[in-house]
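So this block is work.cif, mmCIF, C-alpha atoms and all ligand atoms:
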data_start
loop_
_atom_site.label_atom_id
_atom_site.label_comp_id
_atom_site.auth_asym_id
_atom_site.auth_seq_id
_atom_site.Cartn_x
_atom_site.Cartn_y
_atom_site.Cartn_z
CA MET P 802 0.03 -13.98 -3.99
CA LEU P 803 -1.34 -11.65 -6.65
CA THR P 804 0.73 -9.11 -8.60
CA LEU P 805 -1.10 -6.13 -10.05
CA THR P 806 0.73 -4.04 -12.63
CA LEU P 807 -0.54 -0.55 -13.38
CA HIS P 808 -0.40 -0.19 -17.14
CA ARG P 809 -1.24 3.13 -18.75
CA PRO P 810 2.16 3.84 -20.27
CA GLU P 811 0.80 6.72 -22.39
CA ALA P 812 0.06 8.64 -19.17
CA LEU P 813 2.82 7.37 -16.86
CA ASN P 814 0.19 5.17 -15.18
CA ALA P 815 -1.90 8.16 -14.14
CA LEU P 816 -4.82 6.90 -12.08
CA ASN P 817 -8.01 7.65 -13.98
CA THR P 818 -11.42 6.67 -12.64
CA ALA P 819 -11.51 3.44 -14.66
CA LEU P 820 -8.11 2.25 -13.44
CA LEU P 821 -8.81 3.12 -9.82
CA GLY P 822 -12.23 1.43 -9.99
CA GLU P 823 -10.68 -1.69 -11.48
CA LEU P 824 -8.08 -1.73 -8.73
CA ALA P 825 -10.76 -1.41 -6.03
CA ASP P 826 -12.81 -4.22 -7.65
CA ILE P 827 -9.85 -6.59 -7.89
CA LEU P 828 -8.89 -5.93 -4.28
CA ASP P 829 -12.48 -6.57 -3.15
CA GLN P 830 -12.45 -9.91 -4.98
CA SER P 831 -9.00 -10.78 -3.63
CA ALA P 832 -10.17 -10.11 -0.07
CA GLN P 833 -12.66 -12.98 -0.49
CA ASP P 834 -10.21 -15.31 -2.25
CA ASP P 835 -8.45 -17.66 0.18
CA ARG P 836 -5.76 -18.44 -2.40
CA ILE P 837 -4.51 -14.84 -2.21
CA ALA P 838 -2.55 -14.08 0.95
CA ALA P 839 -0.93 -10.82 -0.14
CA VAL P 840 -0.98 -8.44 -3.09
CA VAL P 841 1.95 -6.75 -4.81
CA ILE P 842 1.20 -3.53 -6.69
CA THR P 843 3.73 -2.25 -9.17
CA GLY P 844 4.03 -0.02 -12.23
CA SER P 845 6.76 0.32 -14.83
CA GLN P 846 10.43 1.23 -14.51
CA ARG P 847 9.56 4.81 -15.53
CA ALA P 848 6.55 5.31 -13.33
CA PHE P 849 4.73 3.62 -10.49
CA ALA P 850 2.00 6.23 -11.09
CA ALA P 851 2.30 9.95 -11.86
CA GLY P 852 -0.83 10.84 -9.89
CA ALA P 853 -4.47 11.22 -10.68
CA ASP P 854 -5.16 11.72 -14.37
CA ILE P 855 -4.90 15.49 -14.73
CA LYS P 856 -6.61 15.49 -18.12
CA GLU P 857 -9.60 13.73 -16.56
CA MET P 858 -9.52 16.06 -13.55
CA ALA P 859 -9.78 19.01 -15.91
CA THR P 860 -13.28 17.86 -16.88
CA LEU P 861 -14.59 17.98 -13.29
CA ASP P 862 -16.17 21.07 -11.76
CA ALA P 863 -16.84 21.54 -8.01
CA VAL P 864 -20.05 19.46 -8.19
CA GLY P 865 -18.18 16.72 -10.06
CA VAL P 866 -15.53 16.69 -7.33
CA LEU P 867 -18.27 16.29 -4.69
CA GLN P 868 -19.76 13.30 -6.52
CA ASP P 869 -16.43 11.81 -7.57
CA PRO P 870 -16.64 7.98 -7.47
CA ARG P 871 -12.90 7.85 -6.81
CA VAL P 872 -13.58 8.82 -3.18
CA GLY P 873 -15.33 5.47 -2.74
CA TYR P 874 -12.63 3.61 -4.66
CA TRP P 875 -9.90 4.99 -2.41
CA LYS P 876 -11.92 4.02 0.67
CA ARG P 877 -12.29 0.44 -0.58
CA ILE P 878 -8.57 0.22 -1.35
CA SER P 879 -7.76 1.45 2.16
CA GLN P 880 -10.00 -1.24 3.67
CA PHE P 881 -8.29 -4.19 1.98
CA PRO P 882 -7.59 -6.56 4.90
CA LYS P 883 -4.57 -8.45 3.54
CA PRO P 884 -1.02 -7.14 3.17
CA ILE P 885 -0.25 -4.94 0.17
CA ILE P 886 3.33 -4.50 -0.93
CA ALA P 887 4.19 -1.66 -3.30
CA ALA P 888 7.11 -2.23 -5.67
CA VAL P 889 7.90 1.31 -6.76
CA ASN P 890 10.11 2.48 -9.61
CA GLY P 891 10.24 5.87 -11.26
CA PHE P 892 7.61 8.47 -10.42
CA ALA P 893 5.28 7.95 -7.47
CA LEU P 894 3.61 11.34 -7.49
CA GLY P 895 0.35 12.73 -6.13
CA GLY P 896 -2.23 9.94 -6.16
CA GLY P 897 0.62 7.60 -7.15
CA CYS P 898 2.48 8.38 -3.94
CA GLU P 899 -0.82 8.08 -2.07
CA LEU P 900 -1.46 4.67 -3.61
CA ALA P 901 2.03 3.55 -2.59
CA MET P 902 1.26 4.76 0.94
CA HIS P 903 -1.89 2.60 0.98
CA ALA P 904 0.52 -0.33 0.82
CA ASP P 905 1.67 -1.87 4.08
CA ILE P 906 5.24 -2.39 2.91
CA LEU P 907 6.98 -0.16 0.35
CA ILE P 908 10.01 -1.31 -1.61
CA ALA P 909 11.57 1.07 -4.14
CA GLY P 910 14.20 1.07 -6.84
CA HIS P 911 17.08 3.44 -6.27
CA GLN P 912 15.83 5.92 -8.88
CA ALA P 913 12.27 6.13 -7.57
CA GLN P 914 10.89 9.54 -6.69
CA PHE P 915 8.12 10.20 -4.20
CA GLY P 916 6.23 13.46 -4.26
CA GLN P 917 2.96 15.27 -3.63
CA PRO P 918 2.99 17.95 -6.36
CA GLU P 919 -0.72 18.82 -6.09
CA ILE P 920 0.17 22.30 -4.80
CA ASN P 921 1.47 23.06 -8.32
CA LEU P 922 -2.10 22.56 -9.57
CA GLY P 923 -3.66 24.76 -6.91
CA ILE P 924 -4.94 21.82 -4.88
CA ILE P 925 -3.74 19.59 -2.07
CA PRO P 926 -3.45 15.80 -1.76
CA GLY P 927 -6.93 14.26 -1.59
CA ALA P 928 -6.38 10.54 -1.02
CA GLY P 929 -4.79 10.67 2.39
CA GLY P 930 -1.51 12.20 1.23
CA THR P 931 -1.27 14.80 3.96
CA GLN P 932 -2.21 12.40 6.75
CA ARG P 933 -0.28 9.29 5.76
CA LEU P 934 2.79 11.19 4.60
CA LEU P 935 3.12 13.10 7.86
CA ARG P 936 2.78 9.92 9.86
CA ALA P 937 5.38 8.20 7.66
CA VAL P 938 8.08 10.86 7.31
CA GLY P 939 7.40 13.36 10.09
CA LYS P 940 6.20 16.95 10.04
CA SER P 941 9.06 18.86 8.47
CA THR P 942 9.64 16.55 5.50
CA ALA P 943 5.90 16.17 4.88
CA MET P 944 5.39 19.95 5.02
CA GLN P 945 8.30 20.52 2.66
CA MET P 946 7.03 17.94 0.16
CA VAL P 947 3.41 19.12 0.21
CA LEU P 948 4.12 22.88 0.31
CA THR P 949 6.88 22.93 -2.32
CA GLY P 950 5.58 20.05 -4.44
CA GLU P 951 9.15 18.87 -4.80
CA PRO P 952 9.76 15.11 -4.76
CA ILE P 953 12.21 13.21 -2.61
CA SER P 954 14.59 10.49 -3.74
CA ALA P 955 14.33 6.82 -2.80
CA GLN P 956 17.33 7.31 -0.51
CA ARG P 957 15.62 10.17 1.33
CA ALA P 958 12.36 8.18 1.47
CA TYR P 959 14.28 5.30 3.02
CA GLU P 960 15.97 7.52 5.59
CA ALA P 961 12.63 9.13 6.47
CA GLY P 962 10.93 5.75 6.94
CA LEU P 963 8.52 5.99 4.01
CA ILE P 964 9.94 2.84 2.43
CA SER P 965 11.55 -0.15 4.08
CA GLU P 966 14.08 -1.18 1.41
CA ILE P 967 15.86 0.19 -1.65
CA THR P 968 16.75 -2.22 -4.44
CA GLN P 969 18.28 -2.05 -7.88
CA ALA P 970 15.44 -0.99 -10.16
CA GLU P 971 15.28 -4.31 -12.00
CA LEU P 972 15.03 -6.25 -8.74
CA THR P 973 12.27 -4.28 -7.01
CA LEU P 974 9.35 -6.42 -8.13
CA GLU P 975 11.19 -9.66 -7.43
CA ARG P 976 12.02 -8.47 -3.91
CA ALA P 977 8.42 -7.39 -3.25
CA GLN P 978 7.15 -10.76 -4.49
CA SER P 979 9.64 -12.58 -2.31
CA ILE P 980 8.34 -10.67 0.73
CA ALA P 981 4.77 -11.50 -0.30
CA ARG P 982 5.66 -15.20 -0.60
CA THR P 983 7.21 -15.15 2.87
CA ILE P 984 4.01 -13.63 4.27
CA ALA P 985 1.91 -16.18 2.36
CA ARG P 986 3.57 -18.98 4.33
CA LYS P 987 2.26 -17.57 7.65
CA ALA P 988 -1.09 -18.21 9.30
CA PRO P 989 -3.60 -16.06 7.35
CA LEU P 990 -5.67 -15.00 10.36
CA ALA P 991 -2.56 -13.94 12.26
CA VAL P 992 -1.34 -11.96 9.24
CA GLN P 993 -4.64 -10.12 8.91
CA GLN P 994 -4.89 -9.41 12.62
CA ALA P 995 -1.28 -8.17 12.63
CA LYS P 996 -2.00 -5.76 9.78
CA ASP P 997 -5.17 -4.51 11.44
CA VAL P 998 -3.56 -4.01 14.84
CA LEU P 999 -0.46 -2.28 13.44
CA LEU P 1000 -2.58 0.12 11.37
CA LYS P 1001 -4.73 0.90 14.39
CA ALA P 1002 -1.59 1.98 16.24
CA LEU P 1003 -1.60 5.07 14.01
CA ASP P 1004 -5.06 6.05 15.25
CA MET P 1005 -5.01 5.09 18.91
CA ASP P 1006 -3.36 6.16 22.12
CA LEU P 1007 -1.03 3.52 23.60
CA ALA P 1008 -3.43 2.20 26.26
CA THR P 1009 -6.28 1.71 23.76
CA GLY P 1010 -3.89 0.20 21.23
CA LEU P 1011 -2.59 -2.29 23.79
CA GLN P 1012 -6.15 -3.33 24.62
CA TYR P 1013 -6.86 -3.79 20.94
CA GLU P 1014 -3.72 -5.90 20.55
CA ARG P 1015 -4.73 -8.04 23.57
CA LYS P 1016 -8.15 -8.74 22.00
CA ALA P 1017 -6.59 -9.83 18.71
CA PHE P 1018 -3.99 -11.92 20.54
CA THR P 1019 -6.72 -13.68 22.54
CA LEU P 1020 -8.80 -14.27 19.43
CA LEU P 1021 -5.84 -15.95 17.71
CA ALA P 1022 -5.26 -18.17 20.73
CA ALA P 1023 -8.50 -19.93 19.81
CA THR P 1024 -7.43 -20.78 16.25
CA GLN P 1025 -6.33 -24.16 14.94
CA ASP P 1026 -3.44 -22.45 13.17
CA ARG P 1027 -2.02 -21.32 16.50
CA ASN P 1028 -1.96 -24.93 17.68
CA GLU P 1029 -0.47 -26.02 14.38
CA GLY P 1030 2.27 -23.37 14.57
CA ILE P 1031 3.31 -24.42 18.05
CA GLN P 1032 3.01 -28.13 17.26
CA ALA P 1033 5.11 -27.77 14.12
CA PHE P 1034 7.82 -26.00 16.12
CA MET P 1035 7.88 -28.83 18.67
CA GLU P 1036 8.00 -31.46 15.94
CA LYS P 1037 10.70 -29.55 14.04
CA ARG P 1038 8.66 -29.37 10.83
CA GLN P 1039 7.08 -26.69 8.68
CA PRO P 1040 3.56 -25.70 9.81
CA LEU P 1041 0.61 -26.43 7.56
CA TYR P 1042 -1.80 -23.57 8.10
CA LYS P 1043 -5.46 -23.79 7.18
CA GLY P 1044 -6.69 -20.28 7.89
CA CYS P 1045 -8.92 -21.24 10.77
N1 LIG Q 1101 -2.17 12.79 -15.64
C1 LIG Q 1101 -2.33 12.68 -16.98
N2 LIG Q 1101 -1.31 12.53 -17.83
C2 LIG Q 1101 -0.07 12.52 -17.32
C3 LIG Q 1101 0.18 12.65 -15.94
C4 LIG Q 1101 -0.96 12.80 -15.08
N3 LIG Q 1101 -0.84 12.87 -13.73
N4 LIG Q 1101 1.52 12.62 -15.74
C5 LIG Q 1101 2.07 12.47 -16.94
N5 LIG Q 1101 1.13 12.41 -17.91
C6 LIG Q 1101 1.31 12.26 -19.34
C7 LIG Q 1101 1.87 13.53 -19.96
O1 LIG Q 1101 0.83 14.43 -20.21
C8 LIG Q 1101 2.49 12.98 -21.22
O2 LIG Q 1101 1.49 12.73 -22.15
P1 LIG Q 1101 1.58 13.32 -23.67
O3 LIG Q 1101 1.76 14.77 -23.50
O4 LIG Q 1101 2.82 12.63 -24.22
O5 LIG Q 1101 0.30 12.90 -24.32
C9 LIG Q 1101 3.04 11.64 -20.78
O6 LIG Q 1101 2.31 11.29 -19.59
C10 LIG Q 1101 4.52 11.68 -20.42
O7 LIG Q 1101 4.71 12.72 -19.49
P2 LIG Q 1101 5.80 13.87 -19.68
O8 LIG Q 1101 6.06 14.12 -21.13
O9 LIG Q 1101 5.39 15.01 -18.85
O10 LIG Q 1101 7.09 13.14 -19.09
P3 LIG Q 1101 8.32 13.82 -18.33
O11 LIG Q 1101 9.29 12.71 -18.10
O12 LIG Q 1101 8.77 15.05 -19.04
O13 LIG Q 1101 7.74 14.30 -16.93
C11 LIG Q 1101 6.48 14.02 -14.87
C12 LIG Q 1101 7.26 13.34 -16.00
C13 LIG Q 1101 5.90 12.91 -13.99
C14 LIG Q 1101 7.44 14.88 -14.01
C15 LIG Q 1101 5.37 14.93 -15.45
O14 LIG Q 1101 4.62 14.15 -16.39
C16 LIG Q 1101 4.44 15.45 -14.41
O15 LIG Q 1101 4.75 16.39 -13.70
N6 LIG Q 1101 3.24 14.83 -14.35
C17 LIG Q 1101 2.19 15.30 -13.42
C18 LIG Q 1101 2.49 14.90 -12.00
C19 LIG Q 1101 1.44 15.45 -11.05
O16 LIG Q 1101 1.24 16.65 -10.95
N7 LIG Q 1101 0.79 14.55 -10.39
C20 LIG Q 1101 -0.27 14.90 -9.39
C21 LIG Q 1101 -1.60 14.94 -10.08
S1 LIG Q 1101 -2.86 15.50 -8.98
C22 LIG Q 1101 -8.84 12.41 -5.33
C23 LIG Q 1101 -7.77 11.88 -4.66
C24 LIG Q 1101 -6.48 12.12 -5.13
C25 LIG Q 1101 -6.27 12.90 -6.25
C26 LIG Q 1101 -7.34 13.43 -6.90
C27 LIG Q 1101 -8.64 13.20 -6.45
N8 LIG Q 1101 -10.14 12.18 -4.85
C28 LIG Q 1101 -10.34 11.39 -3.61
C29 LIG Q 1101 -11.28 12.54 -5.59
C30 LIG Q 1101 -4.91 13.10 -6.68
C31 LIG Q 1101 -4.53 14.18 -7.41
C32 LIG Q 1101 -3.25 14.13 -8.10
O17 LIG Q 1101 -2.52 13.15 -8.10
#
Just dump the structure as structure tokens.
Ligand code: DAK
Amino acid sequence: MLTLTLHRPEALNALNTALLGELADILDQSAQDDRIAAVVITGSQRAFAAGADIKEMATLDAVGVLQDPRVGYWKRISQFPKPIIAAVNGFALGGGCELAMHADILIAGHQAQFGQPEINLGIIPGAGGTQRLLRAVGKSTAMQMVLTGEPISAQRAYEAGLISEITQAELTLERAQSIARTIARKAPLAVQQAKDVLLKALDMDLATGLQYERKAFTLLAATQDRNEGIQAFMEKRQPLYKGC
């Protein structure tokens, strides 16, 4: 398991190009590293991330926006094949909320706030915020958040299905890491296939999704880890997975 802590306290962890690029690079490396089964991304108690760096954005004109390297960084983050768990405290706004939504599992402290305030800057979410938010919380809540720019509380985010657990603020990271450790004990190929198939469910109709699931299920049937999992159950012992 790898824990990544966003650390730009002077800007409430605003995601500038350098930080986002570093994040994309580390995730690319982690994808190739067999020792890393899952990644936890967190910020500080005050802010997970308060969005893209507005001061940096102010330097970009329309051409700059077209050539913005952050588009590629976001794409690489979204393609990370292993589970990402976001441990969110404080502000998760704009790109910060979008980064949290790139995670597969979101855990938040009770004082966390989730919002897409881009409308206050005359823009709209640009890293999947409209699409992922609507799928996570439904139309009315997503519309309200994006059109008013007003954030929602952790409690509301939990009720809407954006996050799966609320914790005391000081326990959020620990809880996220505990979930990551639980996942790390599973067969790596099964974990990655599960993530892939579940994410595809958002894009596919049911019949196509079921076919996709069947293919992944069949593929896993040919793995040594599948035999090991079943054997370990029969022998009443913990499985020893090898990732093949
Ligand atoms: N960027 C830069 N600096 C920020 C920042 C941000 N997003 N958020 C906060 N800061 C800085 C403040 O400027 C302040 O710095 P100093 O003035 O002390 O130098 C420091 O952090 C502390 O902030 P505040 O003094 O404002 O603290 P408060 O507790 O009073 O308020 C706040 C906290 C989070 C409510 C407030 O800071 C705030 O409203 N921040 C802006 C939130 C926001 O609008 N976020 C959305 C940004 S737009 C893209 C994809 C996605 C995006 C862009 C491009 N591509 C694919 C190309 C995403 C866009 C966005 O996220």
Task: Cut-off 9 Å, only C-alpha atoms and all ligand atoms, neighbours of ligand LIG 1101 (chain Q) as a ChimeraX atom specification - done: /P:809-817,847-848,850-858,866-876,891-899,916-922,924-930,950
Using all atoms listed in the file, which protein or nucleic acid residues come within 10 Å of Ser954 (chain P)? Drop anything in the same chain fewer than 5 positions from it, and give the result as an mmCIF file with C-alpha atoms, in the coordinates of the input.
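Heads up, here's the output in around03.cif:
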data_model
loop_
_atom_site.group_PDB
_atom_site.id
_atom_site.type_symbol
_atom_site.label_atom_id
_atom_site.label_comp_id
_atom_site.auth_asym_id
_atom_site.auth_seq_id
_atom_site.Cartn_x
_atom_site.Cartn_y
_atom_site.Cartn_z
ATOM 1 C CA GLY P 891 10.240 5.870 -11.260
ATOM 2 C CA PHE P 892 7.610 8.470 -10.420
ATOM 3 C CA ALA P 909 11.570 1.070 -4.140
ATOM 4 C CA GLY P 910 14.200 1.070 -6.840
ATOM 5 C CA HIS P 911 17.080 3.440 -6.270
ATOM 6 C CA GLN P 912 15.830 5.920 -8.880
ATOM 7 C CA ALA P 913 12.270 6.130 -7.570
ATOM 8 C CA GLN P 914 10.890 9.540 -6.690
ATOM 9 C CA PHE P 915 8.120 10.200 -4.200
ATOM 10 C CA GLY P 916 6.230 13.460 -4.260
ATOM 11 C CA TYR P 959 14.280 5.300 3.020
ATOM 12 C CA GLU P 960 15.970 7.520 5.590
#
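Distances to Thr973 (chain P) were evaluated for P:Ala832, P:Gly844, P:Ala838, P:Gly939 using only C-alpha atoms, and the minimum falls at P:Gly844.
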Task: Nearest residue to Ala1022 (chain P) from the set P:Val840, P:Met944, P:Leu990, P:Leu821 (distances using all atoms listed in the file) - done: P:Leu990
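Coordinates place CA of Met902 (chain P) at a distance of 24.2 Å from CA of Thr1009 (chain P).
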Open item on the list: Measuring between only C-alpha atoms, which one of P:Thr818, P:Gln945, P:Thr804, P:Thr843 shows the shortest distance to Ser831 (chain P)?
Closed with: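 Closest to Ser831 (chain P) of all the choices is P:Thr804.
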TODO: Measure the distance from CA of Leu900 (chain P) to CA of Glu975 (chain P) in Å and round it to one decimal.
DONE: 19.5 Å
- [ ] For the point (4.8, -10.0, 2.0) in the file's frame, write as a ChimeraX atom specification all residues with an atom no more than 9 Å away, counting all atoms listed in the file.
- [x] /P:802,838-841,884-886,905-906,977-985
